[in-house]
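Visitor: Here's a structure for you.
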Amino acid sequence: MNGMSKHSILPLLAALLAVFGLSSCKEDVDVSSRYVFSEHTIVSYLESHADVYGEYLNLLKKVRVSKVSETTVAQLLTARGHYTVFAPTDEAVRAYLVHLADTGLIASPSWDAFTDSLKLDSIRGVIVYNSIIDSGDLGEPYFTYDLPTVEGAEIGNTNMNDHKLSVYWKNSEDSLSINGDCHVSVRNRDITLLNGVLHQVEKVIAPQDVTARSYLQKVIDERREGFLVMARAIQACGLMDTLSAVRDEVYETLYQTGRIDPYLDCNSAGMGNYIAYTPEHRKYGFTIFAESDDYWRSQGIDPLDPQLAAKLMQWIEDNHQYSGDDTFTTGDDYASPDNLLYQWVTYHILPVRLTADRLVIHQNEIGYNMGVKKLANPVIDYQVTMGKRRLMKLYESKYSGGVRLNRFPIVDNNRTGSNDETGCDPDKEGTLVNRDPEHAVLNDMINCCLYTIDTPLSYNDEVRDNLHRERIRFDAMIMWPETTNSDIRKKELTHSNVNNEQFAYIPPRVVYPYLDGLWLSDDCHFRYTNFWGNNAPNLFTDEILCTGRFEIMFRLPPVPRRGIYELRYVCLSQASRSIAQIYFGDDPDRLPVAGIPFDFRADVTARHIGAEPDTDDEDYNTQMDKQLRNKGYMKGAKAVCGSGSVSASSRYDTRCYRRIMLTQYMDPDKTYYLKAKTVLETDRKEFFLDYLEFCPKEVYDNPEEPEDIW
């Protein structure tokens, strides 16, 4: 889109971390070296190529590891470790100084031009800290050979400046770049050294600390084409301050001053011989889906119209981009949650930052291969939007042409079917999310990703009706956006089974309310386990365990329509599990009991419900399913892998089953809560949480089309 450059120069921030580079000439270097240099550390390699990296090497020797350490980064890079270094050439550093001079920060492109020592130290830190990823000294090598393959996807670990770097290939291995504009040398990359790997970059990596608010304000001030309509609509709705949030500074202070324990000894908590880390930060994030300015022009709306908000709201009303059950006002108080424009705009915003490779999570669907990342069965995730809590469905299959919002295809989901799409009605194709870096803003904002969508997005009657005609299976972690924003949910492990990445400890609410919508008793130990790359038989191979004399309550997502729903709870039975009484309702202070206590233990439950693996006899399997339902249970979902194989469904694993917790009338305008409380005397047994399901009566009790087993 014309004028939608994502690399425009923004004002320098006070901390100077907003400064970013200017493109530089390509350095032709003879690094006889695209191979293993077993005799070199990173620093000694740079020293042996000082004619290429002399400027960078000098900076490494001047910049300290942190404000409270006298150790320089150069000293760090001589020690044992697993570092990934994107080393800028001398020409790249000099070009960066030219850029600083052009922006007026310094009088001339020279280090001697700095008259303020704080600015000098800050700029040195910008260059150094953004160039290094420290993967720790964890006993096995991890370097960035296997970079993400999705355009714009982020490397798993943050750099020393606490930023994640994104990778762009532009359909060619030779065009590899970091953050879209820092080209990685074709000849001088993947240089393996004693303590890491080095990639030569031909431009300084200097991401900006720009929030969604400042970015959108820049779009408005410069009348920049692309997302101008959405930026102005967000401003009219009074949402700019909300989009300025980056991290919880109260939590930051508590963590930095040691008032929040950074670790949990899982053994003492009855969870095995592991150490779980407490998140270092509590971050905020957003994802914005926006119709393009070109689309609005096709609808007769000028992005620069002084009456844009009023005309846009009139278009929303005229085109019925709302539900008949909605109540709203159409006055000029656009910042009111009751206003039609406000309700429409907030349905375009998620309170979670979803990068291009995390709009949906591919890992444990039947047939998916983590190695080649070839799509198999459709993957669905649900999110709850900002403003009034409403559901958004994110969907991708090998036939969808990418990630789509609110897609409702025809699927071959009978008992022996493939679960593939067989077609899709034109009015159910969904809204395509454009992840192309030319039409999305993926790196310019530290707290937001902004995507172009190809058709209007709204929570209208058609969307709500279609959601009400399907089973809504949602992963527990979508209830807490903080887990994605703070890089807890499905963090890509740099080492398999490494404690400080695989296990996350969430302190109880009395210590700090880390997860909004979650309440834990004071002696409840809450651990999130990330089985990245392993075949744990969970929806996305992650799970939550709680021990202690636990009492846990959490807020559920909304249902799409008024009606009768089954609420189902998936379980992976094991001997270490507990028995819990479940409560459910819309008053968190007075939740009624929901059925008899839930026994999560292995064998005991399997014998009680009569669970058996699927056989080759589908008539027998159908009869078994009926018997289980009569007892209030269902087998695991066929679309989810069981343990050990990408082709073995959880229906073959008798530890995996779903319990029908309750059947009752639910209202989309009410907020529902679920509470689990241990009934055992021991504090060493586990409460398990993976995914839940809302299933409307129109699905589970449909006489013409029985609910599928997928």
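We name chains A, B, ... following the order of the structure tokens; residues begin at 1 in each chain, and ligands are numbered from 1 as shown.
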Among range 544-646 of chain A, which ones does DSSP assign to strand (DSSP E or B) (computed from the backbone)? Answer as a ChimeraX atom specification.

Guide: /A:544-547,551-555,563-572,577,579-585,593,598-599,633-635,640-641

Visitor: Residues within 8 Å of range 366-369 of chain A, please, as JSON, numbers by chain. Count only C-alpha atoms; anything in the same chain fewer than 4 positions from it doesn't count.

Guide: {"A": [362, 373, 374, 375, 376, 377, 638, 639, 640, 641, 646, 647, 648, 649]}

Visitor: Any chance you can output those residues with N, CA and C atoms as a compact mmCIF listing (two decimals), in the first residue's frame?

Guide:
```
# COMPACT_ATOMS: atom_id res chain seq x y z
N HIS A 362 0.34 -24.50 15.50
CA HIS A 362 0.42 -25.84 14.91
C HIS A 362 1.43 -26.66 15.71
N LYS A 373 6.76 -28.79 9.00
CA LYS A 373 5.68 -27.82 9.20
C LYS A 373 4.66 -27.84 8.06
N LYS A 374 4.32 -29.03 7.62
CA LYS A 374 3.31 -29.21 6.58
C LYS A 374 1.94 -29.30 7.23
N LEU A 375 1.01 -28.46 6.75
CA LEU A 375 -0.32 -28.41 7.36
C LEU A 375 -1.04 -29.73 7.19
N ALA A 376 -1.81 -30.09 8.20
CA ALA A 376 -2.59 -31.32 8.17
C ALA A 376 -4.03 -30.99 8.50
N ASN A 377 -4.52 -31.46 9.65
CA ASN A 377 -5.89 -31.16 10.05
C ASN A 377 -6.05 -29.68 10.35
N LYS A 638 -10.56 -36.87 18.48
CA LYS A 638 -9.81 -37.59 17.46
C LYS A 638 -8.78 -36.71 16.78
N ALA A 639 -9.04 -35.39 16.71
CA ALA A 639 -8.12 -34.50 16.01
C ALA A 639 -6.85 -34.21 16.78
N VAL A 640 -6.82 -34.58 18.08
CA VAL A 640 -5.67 -34.30 18.92
C VAL A 640 -4.82 -35.55 19.05
N CYS A 641 -3.53 -35.41 18.90
CA CYS A 641 -2.63 -36.56 18.98
C CYS A 641 -2.57 -37.10 20.40
N VAL A 646 2.30 -38.74 15.71
CA VAL A 646 1.46 -37.71 15.10
C VAL A 646 0.27 -38.33 14.38
N SER A 647 0.23 -39.64 14.28
CA SER A 647 -0.89 -40.29 13.59
C SER A 647 -1.81 -41.02 14.56
N ALA A 648 -1.47 -41.06 15.84
CA ALA A 648 -2.28 -41.78 16.83
C ALA A 648 -3.17 -40.79 17.58
N SER A 649 -4.46 -40.95 17.45
CA SER A 649 -5.41 -40.05 18.08
C SER A 649 -5.49 -40.31 19.58
```

Visitor: For a test of reading the model, state the distance in Å between CA of Arg353 in chain A and CA of Asn538 in chain A, rounded to one decimal.

Guide: 23.2 Å

Visitor: Pick from A:Ser268, A:Asn157, A:Asn195, A:Asn414: nearest to Trp710 in chain A, with only C-alpha atoms counted?

Guide: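 Answer, going by the shortest atom-to-atom distance: A:Asn414.
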
Visitor: Using only C-alpha atoms, which of the listed residues (A:Cys571, A:Glu291, A:Val379, A:Glu421) sits closest to Asp454 in chain A?

Guide: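 Looking at the shortest contact to Asp454 in chain A, the residue is A:Glu291.
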
Visitor: Any idea what's packed within 10 Å of Phe694 in chain A, counting only C-alpha atoms, ignoring anything in its chain fewer than 3 positions away? Could you give it as a PDB file with C-alpha atoms, in the first residue's frame?

Guide:
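Wrote it out as result-v4.pdb, contents follow:
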```
ATOM      1  CA  HIS A 468     -23.588 -21.421  17.882  1.00  0.00           C
ATOM      2  CA  GLU A 470     -20.301 -25.677  16.332  1.00  0.00           C
ATOM      3  CA  ARG A 471     -18.467 -27.115  19.300  1.00  0.00           C
ATOM      4  CA  ILE A 472     -16.184 -24.472  20.803  1.00  0.00           C
ATOM      5  CA  ARG A 473     -12.996 -26.135  22.031  1.00  0.00           C
ATOM      6  CA  PHE A 474     -10.705 -23.633  23.701  1.00  0.00           C
ATOM      7  CA  PRO A 557     -14.838 -17.102  27.655  1.00  0.00           C
ATOM      8  CA  PRO A 558     -18.349 -16.026  26.599  1.00  0.00           C
ATOM      9  CA  VAL A 559     -20.769 -18.175  24.637  1.00  0.00           C
ATOM     10  CA  PRO A 560     -21.968 -16.797  21.268  1.00  0.00           C
ATOM     11  CA  ILE A 564     -28.375 -24.690  26.390  1.00  0.00           C
ATOM     12  CA  TYR A 565     -24.733 -25.800  26.399  1.00  0.00           C
ATOM     13  CA  GLU A 566     -22.719 -28.686  27.706  1.00  0.00           C
ATOM     14  CA  LEU A 567     -19.547 -27.590  29.470  1.00  0.00           C
ATOM     15  CA  ARG A 568     -16.905 -30.286  29.045  1.00  0.00           C
ATOM     16  CA  TYR A 569     -13.579 -30.684  30.761  1.00  0.00           C
ATOM     17  CA  ILE A 660     -19.501 -33.466  30.754  1.00  0.00           C
ATOM     18  CA  THR A 663     -25.695 -28.939  30.944  1.00  0.00           C
ATOM     19  CA  LYS A 697     -27.576 -28.435  22.261  1.00  0.00           C
TER      20      LYS A 697
END
```

Visitor: What does the distance between CA of Phe286 in chain A and CA of Lys393 in chain A come to in Å, to one decimal place?

Guide: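 So the two atoms, CA of Phe286 in chain A and CA of Lys393 in chain A, lie 16.2 Å apart.
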
Visitor: Which residues are near Leu539 in chain A? Cut-off 8 Å, only C-alpha atoms, ignore same chain within fewer than 4 positions. Put them as a short mmCIF file (atom, residue, chain, number, x, y, z; two decimals) with N, CA, C and O atoms, in the first residue's frame.

Guide:
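Writing done, so here's selection.cif:
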```
data_model
loop_
_atom_site.label_atom_id
_atom_site.label_comp_id
_atom_site.auth_asym_id
_atom_site.auth_seq_id
_atom_site.Cartn_x
_atom_site.Cartn_y
_atom_site.Cartn_z
N ASN A 364 0.11 -30.16 17.65
CA ASN A 364 -0.33 -31.48 18.07
C ASN A 364 -1.59 -31.96 17.36
O ASN A 364 -2.27 -32.86 17.84
N GLU A 365 -1.90 -31.36 16.20
CA GLU A 365 -3.01 -31.88 15.43
C GLU A 365 -2.60 -33.14 14.69
O GLU A 365 -1.43 -33.30 14.33
N ASP A 475 -8.42 -23.73 24.37
CA ASP A 475 -7.29 -24.01 25.24
C ASP A 475 -7.36 -23.10 26.46
O ASP A 475 -7.69 -21.91 26.35
N VAL A 640 -6.82 -34.58 18.08
CA VAL A 640 -5.67 -34.30 18.92
C VAL A 640 -4.82 -35.55 19.05
O VAL A 640 -5.35 -36.64 19.30
N CYS A 641 -3.53 -35.41 18.90
CA CYS A 641 -2.63 -36.56 18.98
C CYS A 641 -2.57 -37.10 20.40
O CYS A 641 -2.59 -36.34 21.37
N ASP A 690 -6.21 -28.48 30.78
CA ASP A 690 -5.71 -28.41 29.40
C ASP A 690 -6.68 -27.62 28.54
O ASP A 690 -6.46 -26.46 28.23
N TYR A 691 -7.80 -28.24 28.14
CA TYR A 691 -8.79 -27.50 27.36
C TYR A 691 -10.20 -27.83 27.83
O TYR A 691 -10.43 -28.83 28.52
#
```
